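Here's my_file.txt, which has compact mmCIF, C-alpha atoms:
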# COMPACT_ATOMS: atom_id res chain seq x y z
CA MET P 22 13.45 -100.58 -233.85
CA ARG P 23 11.72 -100.69 -230.51
CA GLY P 24 12.48 -104.40 -230.25
CA ILE P 25 16.19 -103.75 -230.69
CA ASP P 26 16.12 -101.06 -228.02
CA HIS P 27 14.36 -103.44 -225.71
CA ASN P 28 16.97 -106.15 -226.30
CA GLU P 29 19.74 -103.70 -225.61
CA GLU P 30 18.10 -102.78 -222.37
CA MET P 31 17.80 -106.43 -221.40
CA SER P 32 21.46 -107.10 -222.08
CA ARG P 33 22.42 -104.11 -219.97
CA ALA P 34 20.73 -105.60 -216.91
CA ARG P 35 23.35 -105.71 -214.19
CA PRO P 36 24.35 -109.00 -212.58
CA SER P 37 23.15 -109.38 -209.01
CA GLY P 38 25.50 -110.02 -206.09
CA LEU P 39 26.27 -113.69 -205.67
CA ARG P 40 23.85 -114.95 -208.31
CA PRO P 41 24.54 -113.38 -211.70
CA SER P 42 21.49 -115.10 -213.20
CA ARG P 43 19.21 -113.10 -210.93
CA THR P 44 17.96 -109.64 -211.91
CA ALA P 45 19.87 -106.94 -210.03
CA LEU P 46 17.98 -105.22 -207.22
CA ARG P 47 18.00 -101.84 -208.98
CA ASP P 48 16.37 -103.35 -212.07
CA VAL P 49 13.40 -104.74 -210.12
CA GLY P 50 10.30 -102.53 -209.85
CA VAL P 51 10.69 -98.92 -208.71
CA ASP P 52 12.56 -97.18 -205.87
CA PRO P 53 10.37 -97.33 -202.75
CA ASP P 54 10.18 -94.55 -200.16
CA TYR P 55 13.85 -94.38 -199.11
CA ARG P 56 12.89 -94.50 -195.43
CA PHE P 57 11.67 -98.07 -195.96
CA THR P 58 14.91 -99.01 -197.71
CA LEU P 59 16.90 -97.63 -194.78
CA ALA P 60 14.62 -99.30 -192.21
CA ASN P 61 15.11 -102.64 -194.01
CA GLU P 62 18.84 -102.05 -193.86
CA ARG P 63 18.79 -101.29 -190.13
CA THR P 64 16.81 -104.47 -189.49
CA PHE P 65 19.47 -106.42 -191.38
CA LEU P 66 22.19 -104.72 -189.33
CA ALA P 67 20.39 -105.58 -186.07
CA TRP P 68 20.34 -109.24 -187.15
CA ILE P 69 24.03 -109.12 -188.02
CA ARG P 70 24.85 -107.70 -184.60
CA THR P 71 22.78 -110.46 -183.01
CA ALA P 72 24.72 -113.02 -185.05
CA LEU P 73 28.06 -111.50 -184.01
CA ALA P 74 27.00 -111.45 -180.35
CA LEU P 75 26.06 -115.15 -180.50
CA MET P 76 29.38 -115.98 -182.17
CA ALA P 77 31.29 -114.02 -179.52
CA GLY P 78 29.35 -115.94 -176.86
CA GLY P 79 30.31 -119.21 -178.53
CA VAL P 80 34.01 -118.34 -178.60
CA ALA P 81 33.87 -117.10 -175.00
CA VAL P 82 32.22 -120.32 -173.76
CA ILE P 83 35.04 -122.42 -175.22
CA GLN P 84 37.98 -120.13 -174.47
CA PHE P 85 37.14 -118.52 -171.16
CA VAL P 86 34.72 -120.75 -169.26
CA PRO P 87 36.47 -123.32 -167.01
CA SER P 88 35.98 -126.80 -168.41
CA PHE P 89 32.96 -128.71 -167.12
CA GLY P 90 33.34 -132.22 -165.84
CA LEU P 91 31.44 -133.37 -168.91
CA SER P 92 33.93 -133.62 -171.72
CA GLY P 93 32.81 -131.93 -174.90
CA ALA P 94 29.85 -130.07 -173.37
CA ARG P 95 31.61 -126.74 -173.66
CA HIS P 96 32.57 -127.44 -177.24
CA ALA P 97 29.09 -128.57 -178.22
CA ILE P 98 27.52 -125.40 -176.78
CA GLY P 99 30.18 -123.03 -178.15
CA LEU P 100 30.26 -124.52 -181.64
CA THR P 101 26.44 -124.48 -181.80
CA LEU P 102 26.42 -120.75 -181.02
CA VAL P 103 29.16 -119.99 -183.57
CA ALA P 104 27.37 -121.96 -186.30
CA LEU P 105 24.03 -120.36 -185.39
CA GLY P 106 25.65 -116.94 -185.86
CA GLY P 107 26.81 -117.86 -189.34
CA ILE P 108 23.41 -119.24 -190.33
CA LEU P 109 21.61 -116.14 -189.00
CA ALA P 110 23.99 -113.84 -190.90
CA ALA P 111 23.35 -115.66 -194.18
CA GLY P 112 19.60 -115.81 -193.47
CA SER P 113 19.42 -112.10 -192.65
CA TYR P 114 21.01 -111.28 -196.01
CA ARG P 115 18.44 -113.41 -197.83
CA HIS P 116 15.64 -111.77 -195.87
CA TRP P 117 16.97 -108.27 -196.54
CA ASP P 118 17.12 -109.05 -200.27
CA ALA P 119 13.59 -110.53 -200.31
CA ASN P 120 12.21 -107.52 -198.38
CA GLU P 121 13.90 -105.06 -200.72
CA ARG P 122 12.54 -106.82 -203.80
CA ALA P 123 9.03 -106.99 -202.32
CA MET P 124 9.10 -103.27 -201.48
CA ARG P 125 10.29 -102.39 -204.98
CA MET P 126 7.44 -104.44 -206.47
CA GLY P 127 4.88 -103.01 -204.05
CA GLN P 128 4.16 -106.47 -202.68
CA PRO P 129 3.65 -107.46 -199.03
CA LEU P 130 6.86 -108.28 -197.16
CA PRO P 131 7.68 -112.00 -197.07
CA PRO P 132 7.49 -113.75 -193.68
CA SER P 133 10.79 -114.54 -191.95
CA LEU P 134 11.78 -117.79 -190.27
CA LEU P 135 14.74 -116.16 -188.53
CA PRO P 136 12.99 -115.22 -185.25
CA ARG P 137 11.68 -118.77 -184.91
CA LEU P 138 15.11 -120.25 -185.68
CA LEU P 139 16.81 -117.97 -183.15
CA THR P 140 14.24 -118.67 -180.42
CA ALA P 141 14.29 -122.44 -180.93
CA SER P 142 18.09 -122.61 -181.02
CA LEU P 143 18.51 -120.43 -177.96
CA ALA P 144 15.94 -122.55 -176.10
CA VAL P 145 17.97 -125.68 -176.91
CA VAL P 146 21.22 -124.01 -175.81
CA VAL P 147 19.67 -122.74 -172.56
CA VAL P 148 18.32 -126.23 -171.74
CA ALA P 149 21.74 -127.72 -172.50
CA VAL P 150 23.52 -125.20 -170.26
CA PHE P 151 20.97 -125.85 -167.51
CA ALA P 152 21.50 -129.60 -167.78
CA VAL P 153 25.27 -129.21 -167.65
CA VAL P 154 25.10 -126.97 -164.58
CA ILE P 155 22.75 -129.40 -162.77
CA LEU P 156 24.91 -132.44 -163.59
CA GLU P 157 28.02 -130.54 -162.53
CA SER P 158 26.56 -129.51 -159.15
CA ARG P 159 25.64 -133.11 -158.29
CA LYS P 160 29.22 -134.29 -158.43
CA MET M 5 28.61 -85.83 -189.12
CA THR M 6 25.46 -84.27 -187.64
CA GLY M 7 26.64 -80.93 -189.01
CA LEU M 8 25.34 -81.99 -192.40
CA VAL M 9 21.77 -82.23 -191.14
CA ARG M 10 19.80 -79.09 -191.79
CA GLN M 11 17.54 -77.46 -189.24
CA ASN M 12 13.80 -77.71 -189.79
CA SER M 13 13.24 -73.96 -189.74
CA GLY M 14 9.86 -74.02 -191.45
CA ALA M 15 11.52 -72.96 -194.68
CA PRO M 16 9.86 -74.06 -197.93
CA GLU M 17 12.90 -76.17 -198.86
CA PRO M 18 12.72 -79.86 -197.98
CA VAL M 19 14.46 -80.87 -194.78
CA ALA M 20 17.54 -82.87 -195.63
CA ASP M 21 17.11 -85.79 -193.25
CA VAL M 22 13.47 -86.23 -192.22
CA GLY M 23 13.23 -88.22 -189.00
CA LEU M 24 17.04 -88.45 -189.10
CA GLN M 25 16.62 -91.64 -191.16
CA SER M 26 20.02 -91.37 -192.80
CA GLU M 27 21.76 -90.59 -189.55
CA ARG M 28 20.08 -93.45 -187.70
CA THR M 29 21.08 -95.83 -190.45
CA SER M 30 24.60 -94.49 -190.47
CA ILE M 31 25.10 -94.97 -186.73
CA ALA M 32 23.58 -98.45 -187.00
CA TRP M 33 26.35 -99.21 -189.51
CA GLN M 34 28.94 -97.77 -187.14
CA ARG M 35 27.59 -99.86 -184.27
CA THR M 36 27.73 -102.95 -186.44
CA ALA M 37 31.27 -102.18 -187.65
CA LEU M 38 32.37 -101.81 -184.02
CA THR M 39 30.78 -105.16 -183.13
CA LEU M 40 32.56 -106.72 -186.11
CA THR M 41 35.84 -105.20 -184.90
CA ALA M 42 35.28 -106.58 -181.40
CA PHE M 43 34.60 -110.08 -182.69
CA SER M 44 37.59 -109.90 -185.05
CA ALA M 45 39.78 -108.90 -182.10
CA LEU M 46 38.43 -111.90 -180.19
CA MET M 47 39.42 -114.09 -183.14
CA LEU M 48 42.92 -112.61 -183.18
CA HIS M 49 43.17 -113.40 -179.47
CA ALA M 50 41.89 -116.96 -180.03
CA ALA M 51 44.46 -117.50 -182.79
CA ASN M 52 47.21 -117.55 -180.15
CA SER M 53 49.65 -115.65 -182.40
CA GLN M 54 49.60 -118.32 -185.12
CA ARG M 55 49.95 -116.59 -188.48
CA LEU M 56 47.31 -118.60 -190.35
CA GLY M 57 44.80 -118.25 -187.54
CA GLN M 58 45.19 -114.47 -187.51
CA ILE M 59 44.05 -114.05 -191.11
CA PRO M 60 40.26 -114.15 -190.45
CA GLY M 61 40.48 -111.58 -187.65
CA ALA M 62 42.66 -109.29 -189.77
CA ILE M 63 40.20 -109.50 -192.68
CA GLY M 64 37.32 -108.80 -190.29
CA ILE M 65 39.00 -105.63 -188.99
CA ALA M 66 39.81 -104.51 -192.56
CA VAL M 67 36.17 -104.98 -193.62
CA ALA M 68 34.99 -103.08 -190.52
CA LEU M 69 37.31 -100.15 -191.34
CA TRP M 70 36.12 -100.07 -194.93
CA LEU M 71 32.49 -100.12 -193.74
CA LEU M 72 33.13 -97.14 -191.43
CA LEU M 73 34.55 -95.14 -194.34
CA ALA M 74 31.82 -96.27 -196.76
CA THR M 75 29.15 -95.31 -194.19
CA GLU M 76 30.45 -91.75 -193.97
CA ARG M 77 30.46 -91.42 -197.75
CA ARG M 78 27.00 -92.91 -198.03
CA TYR M 79 25.59 -90.65 -195.31
CA SER M 80 26.77 -87.50 -197.11
CA ALA M 81 25.49 -88.84 -200.43
CA SER M 82 22.09 -89.75 -198.93
CA VAL M 83 21.59 -86.30 -197.38
CA ARG M 84 22.64 -84.65 -200.63
CA ARG M 85 20.26 -86.82 -202.68
CA VAL M 86 17.30 -86.13 -200.37
CA ARG M 87 18.04 -82.40 -200.56
CA GLU M 88 18.04 -82.65 -204.35
CA GLY M 89 14.77 -84.56 -204.29
CA VAL M 90 16.32 -87.84 -205.48
CA SER M 91 15.77 -91.04 -203.54
CA PRO M 92 18.84 -92.43 -201.73
CA VAL M 93 19.49 -95.99 -202.80
CA ALA M 94 20.19 -99.26 -201.01
CA ALA M 95 23.81 -100.22 -200.31
CA PRO M 96 23.95 -103.79 -201.67
CA ARG M 97 27.75 -103.89 -201.83
CA MET M 98 28.19 -102.92 -198.18
CA ILE M 99 25.50 -105.39 -197.16
CA LEU M 100 27.01 -108.22 -199.20
CA ALA M 101 30.54 -107.50 -197.90
CA LEU M 102 29.33 -107.50 -194.29
CA THR M 103 27.39 -110.75 -194.78
CA LEU M 104 30.38 -112.48 -196.37
CA ALA M 105 32.68 -111.24 -193.59
CA VAL M 106 30.38 -112.50 -190.82
CA VAL M 107 29.65 -115.86 -192.48
CA GLY M 108 33.38 -116.27 -193.18
CA LEU M 109 34.27 -115.40 -189.59
CA SER M 110 31.71 -117.90 -188.34
CA GLY M 111 33.30 -120.66 -190.42
CA ALA M 112 36.79 -119.57 -189.36
CA ALA M 113 35.81 -119.45 -185.69
CA PHE M 114 34.30 -122.93 -186.00
CA GLY M 115 37.56 -124.24 -187.48
CA VAL M 116 39.85 -122.44 -185.02
CA LEU M 117 37.83 -123.65 -182.03
CA LEU M 118 37.84 -127.22 -183.29
CA LEU M 119 41.58 -127.23 -183.97
CA THR M 120 43.14 -125.17 -181.20
CA THR M 121 41.28 -126.00 -178.00
CA ARG M 122 40.86 -129.54 -176.83
Encoded form using structure tokens:
Amino acid sequence: MRGIDHNEEMSRARPSGLRPSRTALRDVGVDPDYRFTLANERTFLAWIRTALALMAGGVAVIQFVPSFGLSGARHAIGLTLVALGGILAAGSYRHWDANERAMRMGQPLPPSLLPRLLTASLAVVVVAVFAVVILESRK
Amino acid sequence: MTGLVRQNSGAPEPVADVGLQSERTSIAWQRTALTLTAFSALMLHAANSQRLGQIPGAIGIAVALWLLLATERRYSASVRRVREGVSPVAAPRMILALTLAVVGLSGAAFGVLLLTTR
């Protein structure tokens, strides 16, 4: 009897977001202190805003900055920023999900590679912009 | 919105929104929805009044509007739940919708920029 109940409970497990094979968030562990859930959410939102700001910067570089002498430099910089925004948005969702699961299981929060990715990419973009400006001023 | 937050009057009842957690989260959602609207508007501008190119921006603005409405609903529900001693829950649908919108807009922006400006 108990076994049947258990099976019923298993089959009632809700599918999770994009990956139906994965256990739904609500079925993992127990509800943590809601303040942590909300803080996790705000961190995700801050990352999304960062991603949107980078994407806006990318569009602005291509559409509104006068073209450099170097053909394609504007496009390379703008498209890099737009793609970086998309990658950060997807990464921040993954990180939010991993944090939420860890909190529900009472486990330590997983480390995030997003800050490193953002810093490294921005460093590359800044060096590229610097190089373009220097080359342009020498003409 | 802030009218729903109860004063901490030292009464024995639990305060509805300790540390204004729900309100802070709610305005973070509003801020994000506004940023999404701004970027969507930029996409509409970049589309140069071509019908197909306007679709991503229009979807972005629609998602942002829905998020603003959903945030209000969620804020009231969260405050009510805390008052009743039940834990407010995560908003996976809002989070997934926002992620898909931003990732989609990134792909769309990439395509539009490649195709329209040379």
Report summary line: Judged by all atoms listed in the file, the minimum distance to P:Val154 among P:Ala94, P:Ala104, P:Met124, P:Ala60 is found for P:Ala94
Query raised in the report: Can you list, as a ChimeraX atom specification, every protein, DNA or RNA residue that comes within 12 Å of M:Leu100 when you count all atoms listed in the file, leaving out same-chain residues fewer than 5 positions away?
Result: /P:37-40,62,65-66,69,110-111,113-115,117-118 /M:67,71,94-95,105-108
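When all atoms listed in the file are used to compute distances to chain P, the closest of the residues M:Phe43, M:Asp21, M:Leu72, M:Tyr79 turns out to be M:Phe43.
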Contacts between chain P and chain M, please, where a residue of chain M counts if it comes within 8 Å (with only C-alpha atoms); show its shortest atom pair and distance in Å to one decimal, rows by chain and ascending number, as JSON lines.
{"residue": "M:Gln25", "atom": "CA", "partner": "P:Arg56", "partner_atom": "CA", "distance": 6.4}
{"residue": "M:Ser26", "atom": "CA", "partner": "P:Leu59", "partner_atom": "CA", "distance": 7.3}
{"residue": "M:Thr29", "atom": "CA", "partner": "P:Arg63", "partner_atom": "CA", "distance": 5.9}
{"residue": "M:Ala32", "atom": "CA", "partner": "P:Arg63", "partner_atom": "CA", "distance": 6.4}
{"residue": "M:Trp33", "atom": "CA", "partner": "P:Leu66", "partner_atom": "CA", "distance": 6.9}
{"residue": "M:Thr36", "atom": "CA", "partner": "P:Arg70", "partner_atom": "CA", "distance": 5.9}
{"residue": "M:Thr39", "atom": "CA", "partner": "P:Arg70", "partner_atom": "CA", "distance": 6.6}
{"residue": "M:Leu40", "atom": "CA", "partner": "P:Leu73", "partner_atom": "CA", "distance": 6.9}
{"residue": "M:Phe43", "atom": "CA", "partner": "P:Ala77", "partner_atom": "CA", "distance": 6.0}
{"residue": "M:Leu46", "atom": "CA", "partner": "P:Ala77", "partner_atom": "CA", "distance": 7.5}
{"residue": "M:Ala50", "atom": "CA", "partner": "P:Gln84", "partner_atom": "CA", "distance": 7.5}
{"residue": "M:Ser91", "atom": "CA", "partner": "P:Tyr55", "partner_atom": "CA", "distance": 5.9}
{"residue": "M:Pro92", "atom": "CA", "partner": "P:Tyr55", "partner_atom": "CA", "distance": 6.0}
{"residue": "M:Val93", "atom": "CA", "partner": "P:Tyr55", "partner_atom": "CA", "distance": 6.9}
{"residue": "M:Ala94", "atom": "CA", "partner": "P:Thr58", "partner_atom": "CA", "distance": 6.2}
{"residue": "M:Pro96", "atom": "CA", "partner": "P:Gly38", "partner_atom": "CA", "distance": 7.8}
{"residue": "M:Arg97", "atom": "CA", "partner": "P:Gly38", "partner_atom": "CA", "distance": 7.8}
{"residue": "M:Ile99", "atom": "CA", "partner": "P:Tyr114", "partner_atom": "CA", "distance": 7.5}
{"residue": "M:Leu100", "atom": "CA", "partner": "P:Gly38", "partner_atom": "CA", "distance": 7.3}
{"residue": "M:Thr103", "atom": "CA", "partner": "P:Ala110", "partner_atom": "CA", "distance": 6.0}
{"residue": "M:Val106", "atom": "CA", "partner": "P:Ala110", "partner_atom": "CA", "distance": 6.5}
{"residue": "M:Val107", "atom": "CA", "partner": "P:Gly107", "partner_atom": "CA", "distance": 4.7}
{"residue": "M:Gly108", "atom": "CA", "partner": "P:Gly107", "partner_atom": "CA", "distance": 7.8}
{"residue": "M:Leu109", "atom": "CA", "partner": "P:Gly107", "partner_atom": "CA", "distance": 7.9}
{"residue": "M:Ser110", "atom": "CA", "partner": "P:Gly107", "partner_atom": "CA", "distance": 5.0}
{"residue": "M:Gly111", "atom": "CA", "partner": "P:Gly107", "partner_atom": "CA", "distance": 7.2}
{"residue": "M:Ala113", "atom": "CA", "partner": "P:Val103", "partner_atom": "CA", "distance": 7.0}
{"residue": "M:Phe114", "atom": "CA", "partner": "P:Leu100", "partner_atom": "CA", "distance": 6.2}
{"residue": "M:Leu117", "atom": "CA", "partner": "P:Val80", "partner_atom": "CA", "distance": 7.4}
{"residue": "M:Thr121", "atom": "CA", "partner": "P:Gln84", "partner_atom": "CA", "distance": 7.6}
Query raised in the report: Around (28.9, -135.3, -169.7) in the file's frame, which residues reach within 12 Å when counting all atoms listed in the file? Return as a list of chain:residue names?
Result: P:Ser88, P:Phe89, P:Gly90, P:Leu91, P:Ser92, P:Gly93, P:Ala94, P:Arg95, P:His96, P:Ala97, P:Ala149, P:Val150, P:Ala152, P:Val153, P:Val154, P:Ile155, P:Leu156, P:Glu157, P:Lys160
Coordinates of box centre and edge lengths for stretch 97-104 of chain P, 5 Å on every side, axis-aligned, as lines of an AutoDock Vina configuration file:
center_x = 28.3
center_y = -124.3
center_z = -181.5
size_x = 13.8
size_y = 18.6
size_z = 19.5
Query raised in the report: What separation in Å, quoted to one decimal, exists between atom CA of M:Gly64 and atom CA of M:Leu38?
Result: 10.6 Å
Residues at most 9 Å from M:Val83, counting all atoms listed in the file, excluding those fewer than 2 positions away in the same chain, as a compact mmCIF listing (two decimals) with C-alpha atoms, keeping the file's coordinate frame?
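Dumped everything to around.txt:
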# COMPACT_ATOMS: atom_id res chain seq x y z
CA LEU M 8 25.34 -81.99 -192.40
CA VAL M 9 21.77 -82.23 -191.14
CA ALA M 20 17.54 -82.87 -195.63
CA ASP M 21 17.11 -85.79 -193.25
CA SER M 26 20.02 -91.37 -192.80
CA GLU M 27 21.76 -90.59 -189.55
CA ARG M 78 27.00 -92.91 -198.03
CA TYR M 79 25.59 -90.65 -195.31
CA SER M 80 26.77 -87.50 -197.11
CA ALA M 81 25.49 -88.84 -200.43
CA ARG M 85 20.26 -86.82 -202.68
CA VAL M 86 17.30 -86.13 -200.37
CA ARG M 87 18.04 -82.40 -200.56
CA GLU M 88 18.04 -82.65 -204.35
CA PRO M 92 18.84 -92.43 -201.73
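What separates atom CA of P:Phe151 from atom CA of M:Leu118 is a distance of 23.1 Å.
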Would you mind completing stretch 18-49 of chain M to N, CA and C atoms and writing the output as an mmCIF file, in the frame of the given file?
data_model
loop_
_atom_site.group_PDB
_atom_site.id
_atom_site.type_symbol
_atom_site.label_atom_id
_atom_site.label_comp_id
_atom_site.auth_asym_id
_atom_site.auth_seq_id
_atom_site.Cartn_x
_atom_site.Cartn_y
_atom_site.Cartn_z
ATOM 1 N N PRO M 18 12.882 -78.597 -198.711
ATOM 2 C CA PRO M 18 12.720 -79.860 -197.980
ATOM 3 C C PRO M 18 13.823 -80.006 -196.938
ATOM 4 N N VAL M 19 13.460 -80.588 -195.811
ATOM 5 C CA VAL M 19 14.460 -80.870 -194.780
ATOM 6 C C VAL M 19 15.326 -82.022 -195.272
ATOM 7 N N ALA M 20 16.621 -81.926 -195.018
ATOM 8 C CA ALA M 20 17.540 -82.870 -195.630
ATOM 9 C C ALA M 20 17.376 -84.294 -195.103
ATOM 10 N N ASP M 21 17.113 -84.450 -193.821
ATOM 11 C CA ASP M 21 17.110 -85.790 -193.250
ATOM 12 C C ASP M 21 15.891 -85.945 -192.350
ATOM 13 N N VAL M 22 14.720 -86.136 -192.973
ATOM 14 C CA VAL M 22 13.470 -86.230 -192.220
ATOM 15 C C VAL M 22 13.530 -87.403 -191.246
ATOM 16 N N GLY M 23 13.215 -87.137 -189.983
ATOM 17 C CA GLY M 23 13.230 -88.220 -189.000
ATOM 18 C C GLY M 23 14.631 -88.755 -188.759
ATOM 19 N N LEU M 24 15.630 -88.034 -189.244
ATOM 20 C CA LEU M 24 17.040 -88.450 -189.100
ATOM 21 C C LEU M 24 17.247 -89.891 -189.578
ATOM 22 N N GLN M 25 16.526 -90.270 -190.637
ATOM 23 C CA GLN M 25 16.620 -91.640 -191.160
ATOM 24 C C GLN M 25 18.049 -91.995 -191.571
ATOM 25 N N SER M 26 18.673 -91.075 -192.318
ATOM 26 C CA SER M 26 20.020 -91.370 -192.800
ATOM 27 C C SER M 26 21.005 -91.469 -191.653
ATOM 28 N N GLU M 27 20.841 -90.578 -190.676
ATOM 29 C CA GLU M 27 21.760 -90.590 -189.550
ATOM 30 C C GLU M 27 21.593 -91.848 -188.716
ATOM 31 N N ARG M 28 20.327 -92.230 -188.480
ATOM 32 C CA ARG M 28 20.080 -93.450 -187.700
ATOM 33 C C ARG M 28 20.693 -94.664 -188.390
ATOM 34 N N THR M 29 20.521 -94.703 -189.705
ATOM 35 C CA THR M 29 21.080 -95.830 -190.450
ATOM 36 C C THR M 29 22.596 -95.822 -190.388
ATOM 37 N N SER M 30 23.147 -94.623 -190.492
ATOM 38 C CA SER M 30 24.600 -94.490 -190.470
ATOM 39 C C SER M 30 25.182 -94.945 -189.134
ATOM 40 N N ILE M 31 24.539 -94.547 -188.026
ATOM 41 C CA ILE M 31 25.100 -94.970 -186.730
ATOM 42 C C ILE M 31 24.834 -96.446 -186.481
ATOM 43 N N ALA M 32 23.787 -96.991 -187.104
ATOM 44 C CA ALA M 32 23.580 -98.450 -187.000
ATOM 45 C C ALA M 32 24.727 -99.179 -187.685
ATOM 46 N N TRP M 33 25.174 -98.625 -188.832
ATOM 47 C CA TRP M 33 26.350 -99.210 -189.510
ATOM 48 C C TRP M 33 27.586 -99.106 -188.645
ATOM 49 N N GLN M 34 27.757 -97.944 -187.994
ATOM 50 C CA GLN M 34 28.940 -97.770 -187.140
ATOM 51 C C GLN M 34 28.922 -98.760 -185.987
ATOM 52 N N ARG M 35 27.753 -98.917 -185.368
ATOM 53 C CA ARG M 35 27.590 -99.860 -184.270
ATOM 54 C C ARG M 35 27.969 -101.274 -184.727
ATOM 55 N N THR M 36 27.479 -101.614 -185.914
ATOM 56 C CA THR M 36 27.730 -102.950 -186.440
ATOM 57 C C THR M 36 29.217 -103.135 -186.756
ATOM 58 N N ALA M 37 29.840 -102.093 -187.333
ATOM 59 C CA ALA M 37 31.270 -102.180 -187.650
ATOM 60 C C ALA M 37 32.086 -102.357 -186.374
ATOM 61 N N LEU M 38 31.658 -101.661 -185.292
ATOM 62 C CA LEU M 38 32.370 -101.810 -184.020
ATOM 63 C C LEU M 38 32.213 -103.221 -183.477
ATOM 64 N N THR M 39 31.001 -103.784 -183.594
ATOM 65 C CA THR M 39 30.780 -105.160 -183.130
ATOM 66 C C THR M 39 31.650 -106.122 -183.933
ATOM 67 N N LEU M 40 31.719 -105.877 -185.253
ATOM 68 C CA LEU M 40 32.560 -106.720 -186.110
ATOM 69 C C LEU M 40 34.031 -106.615 -185.693
ATOM 70 N N THR M 41 34.466 -105.397 -185.363
ATOM 71 C CA THR M 41 35.840 -105.200 -184.900
ATOM 72 C C THR M 41 36.085 -105.981 -183.612
ATOM 73 N N ALA M 42 35.124 -105.898 -182.690
ATOM 74 C CA ALA M 42 35.280 -106.580 -181.400
ATOM 75 C C ALA M 42 35.395 -108.088 -181.622
ATOM 76 N N PHE M 43 34.531 -108.636 -182.473
ATOM 77 C CA PHE M 43 34.600 -110.080 -182.690
ATOM 78 C C PHE M 43 35.899 -110.460 -183.402
ATOM 79 N N SER M 44 36.332 -109.622 -184.350
ATOM 80 C CA SER M 44 37.590 -109.900 -185.050
ATOM 81 C C SER M 44 38.762 -109.896 -184.067
ATOM 82 N N ALA M 45 38.732 -108.960 -183.115
ATOM 83 C CA ALA M 45 39.780 -108.900 -182.100
ATOM 84 C C ALA M 45 39.771 -110.173 -181.262
ATOM 85 N N LEU M 46 38.564 -110.654 -180.949
ATOM 86 C CA LEU M 46 38.430 -111.900 -180.190
ATOM 87 C C LEU M 46 39.040 -113.061 -180.974
ATOM 88 N N MET M 47 38.845 -113.047 -182.290
ATOM 89 C CA MET M 47 39.420 -114.090 -183.140
ATOM 90 C C MET M 47 40.943 -114.022 -183.170
ATOM 91 N N LEU M 48 41.465 -112.779 -183.217
ATOM 92 C CA LEU M 48 42.920 -112.610 -183.180
ATOM 93 C C LEU M 48 43.476 -113.164 -181.876
ATOM 94 N N HIS M 49 42.758 -112.904 -180.788
ATOM 95 C CA HIS M 49 43.170 -113.400 -179.470
ATOM 96 C C HIS M 49 43.137 -114.938 -179.468
#
